[in-house]
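Chemist: One structure coming up, written as structure tokens, with questions to follow.
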Amino acid sequence: MVGAVLYVVLFAFMRALRRKHATAPRGLCAGCAFVHMQYAVSGRNAVFCTFGGGVRAVQIDVMYCTDYRDRSAPPRVVSVGFVREIAPVEAAGWVP
Ligand code: SF4
């Protein structure tokens, strides 16, 4: 009988502990393109910011960051130079 009560109490305790970890909010860094995260088996994680080329440990749960970049957003296409479109050679009248 004591064993059954102990089992129920222990089960309730473990369930409450799991629920507490499941509802913990994730920091802003978790969705950032500059983050490097390491997840442990215990559910804990280590967060490192790679913005600016270096690697810095992030010691807090970031709520707002001026350098945040959504990691699920498509990459920006940047045009380089002044010519938007290069005309084909035939259209320019060049014949070899
Ligand atoms: S840039 Fe900001 S949001 Fe992104 S990983 Fe670094 S500290 Fe976190």
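Going through the structure tokens in order, the chains are called A, B, and so on, while each chain numbers its residues from 1 and the ligands are numbered from 1 in the order shown.
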Apply DSSP to the structure's backbone, then extract all residues of chain A labelled alpha helix (DSSP H) and return them as a list in words.
Modeler: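 So the alpha helix (DSSP H) residues in chain A would be Val2, Gly3, Ala4, Val5, Leu6, Tyr7, Val8, Val9, Leu10, Phe11, Ala12, Phe13, Met14, Arg15, Ala16, Leu17, Arg18, Arg19, Lys20, His21 and Ala22 of chain A.
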Chemist: Take the residues from that selection and write them out as a PDB file, in the first residue's frame, keeping C-alpha atoms.
Modeler:
ATOM      1  CA  VAL A   2       2.777   2.416   0.901  1.00  0.00           C
ATOM      2  CA  GLY A   3       4.505   1.546  -2.353  1.00  0.00           C
ATOM      3  CA  ALA A   4       1.398   2.430  -4.395  1.00  0.00           C
ATOM      4  CA  VAL A   5       0.996   5.779  -2.628  1.00  0.00           C
ATOM      5  CA  LEU A   6       4.669   6.527  -3.113  1.00  0.00           C
ATOM      6  CA  TYR A   7       4.361   5.618  -6.794  1.00  0.00           C
ATOM      7  CA  VAL A   8       1.360   7.960  -7.270  1.00  0.00           C
ATOM      8  CA  VAL A   9       3.090  10.837  -5.473  1.00  0.00           C
ATOM      9  CA  LEU A  10       6.290  10.338  -7.453  1.00  0.00           C
ATOM     10  CA  PHE A  11       4.333  10.100 -10.713  1.00  0.00           C
ATOM     11  CA  ALA A  12       2.483  13.354  -9.966  1.00  0.00           C
ATOM     12  CA  PHE A  13       5.742  15.068  -9.067  1.00  0.00           C
ATOM     13  CA  MET A  14       7.431  13.972 -12.303  1.00  0.00           C
ATOM     14  CA  ARG A  15       4.410  15.053 -14.331  1.00  0.00           C
ATOM     15  CA  ALA A  16       4.393  18.507 -12.718  1.00  0.00           C
ATOM     16  CA  LEU A  17       8.121  18.841 -13.334  1.00  0.00           C
ATOM     17  CA  ARG A  18       7.718  17.903 -17.005  1.00  0.00           C
ATOM     18  CA  ARG A  19       4.816  20.340 -17.424  1.00  0.00           C
ATOM     19  CA  LYS A  20       6.894  23.155 -15.905  1.00  0.00           C
ATOM     20  CA  HIS A  21       9.675  22.603 -18.439  1.00  0.00           C
ATOM     21  CA  ALA A  22       7.247  22.263 -21.345  1.00  0.00           C
TER      22      ALA A  22
END
Chemist: Which residues in range 3-94 of chain A does DSSP call strand (DSSP E or B)? List them as a list in words.
Modeler: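 Checking each residue of range 3-94 of chain A, the strand (DSSP E or B) ones are Cys32, Val35, His36, Met37, Gln38, Tyr39, Asn45, Ala46, Val47, Phe48, Cys49, Arg56, Ala57 and Asp70 of chain A.
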Chemist: Go through the chains and note each residue within 6 Å of ligand 1, using only C-alpha atoms and all ligand atoms, then give the set as a ChimeraX atom specification.
Modeler: /A:28-29,32,34-35,49,51,65,67-68
Chemist: Could those residues be written to a file, using C-alpha atoms, as an mmCIF file, in the first residue's frame?
Modeler:
data_model
loop_
_atom_site.group_PDB
_atom_site.id
_atom_site.type_symbol
_atom_site.label_atom_id
_atom_site.label_comp_id
_atom_site.auth_asym_id
_atom_site.auth_seq_id
_atom_site.Cartn_x
_atom_site.Cartn_y
_atom_site.Cartn_z
ATOM 1 C CA LEU A 28 14.200 35.373 -29.046
ATOM 2 C CA CYS A 29 17.550 33.844 -30.045
ATOM 3 C CA CYS A 32 17.398 33.935 -35.042
ATOM 4 C CA PHE A 34 22.739 34.124 -35.984
ATOM 5 C CA VAL A 35 22.220 31.680 -33.156
ATOM 6 C CA CYS A 49 25.394 34.410 -30.823
ATOM 7 C CA PHE A 51 26.518 37.988 -35.104
ATOM 8 C CA CYS A 65 17.542 42.383 -30.056
ATOM 9 C CA ASP A 67 20.329 42.394 -34.704
ATOM 10 C CA TYR A 68 17.623 39.723 -34.747
#
Chemist: What lies within 10 Å of Ala57 in chain A using only C-alpha atoms, ignoring chain neighbours under 4 positions off, as a PyMOL selection string?
Modeler: chain A and resi 35-37+46-50
Chemist: For each of A:Gly53, A:Gly31, A:Gly81, A:Pro25, take the minimum atom-to-atom distance to Arg69 in chain A, counting only C-alpha atoms, then give the residue where this is smallest.
Modeler: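 For Arg69 in chain A, the nearest of the candidates is A:Gly31.
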Chemist: CA of Gly27 in chain A and CA of Gly52 in chain A are how many Å apart?
Modeler: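 Between these atoms lies a distance of 19.8 Å.
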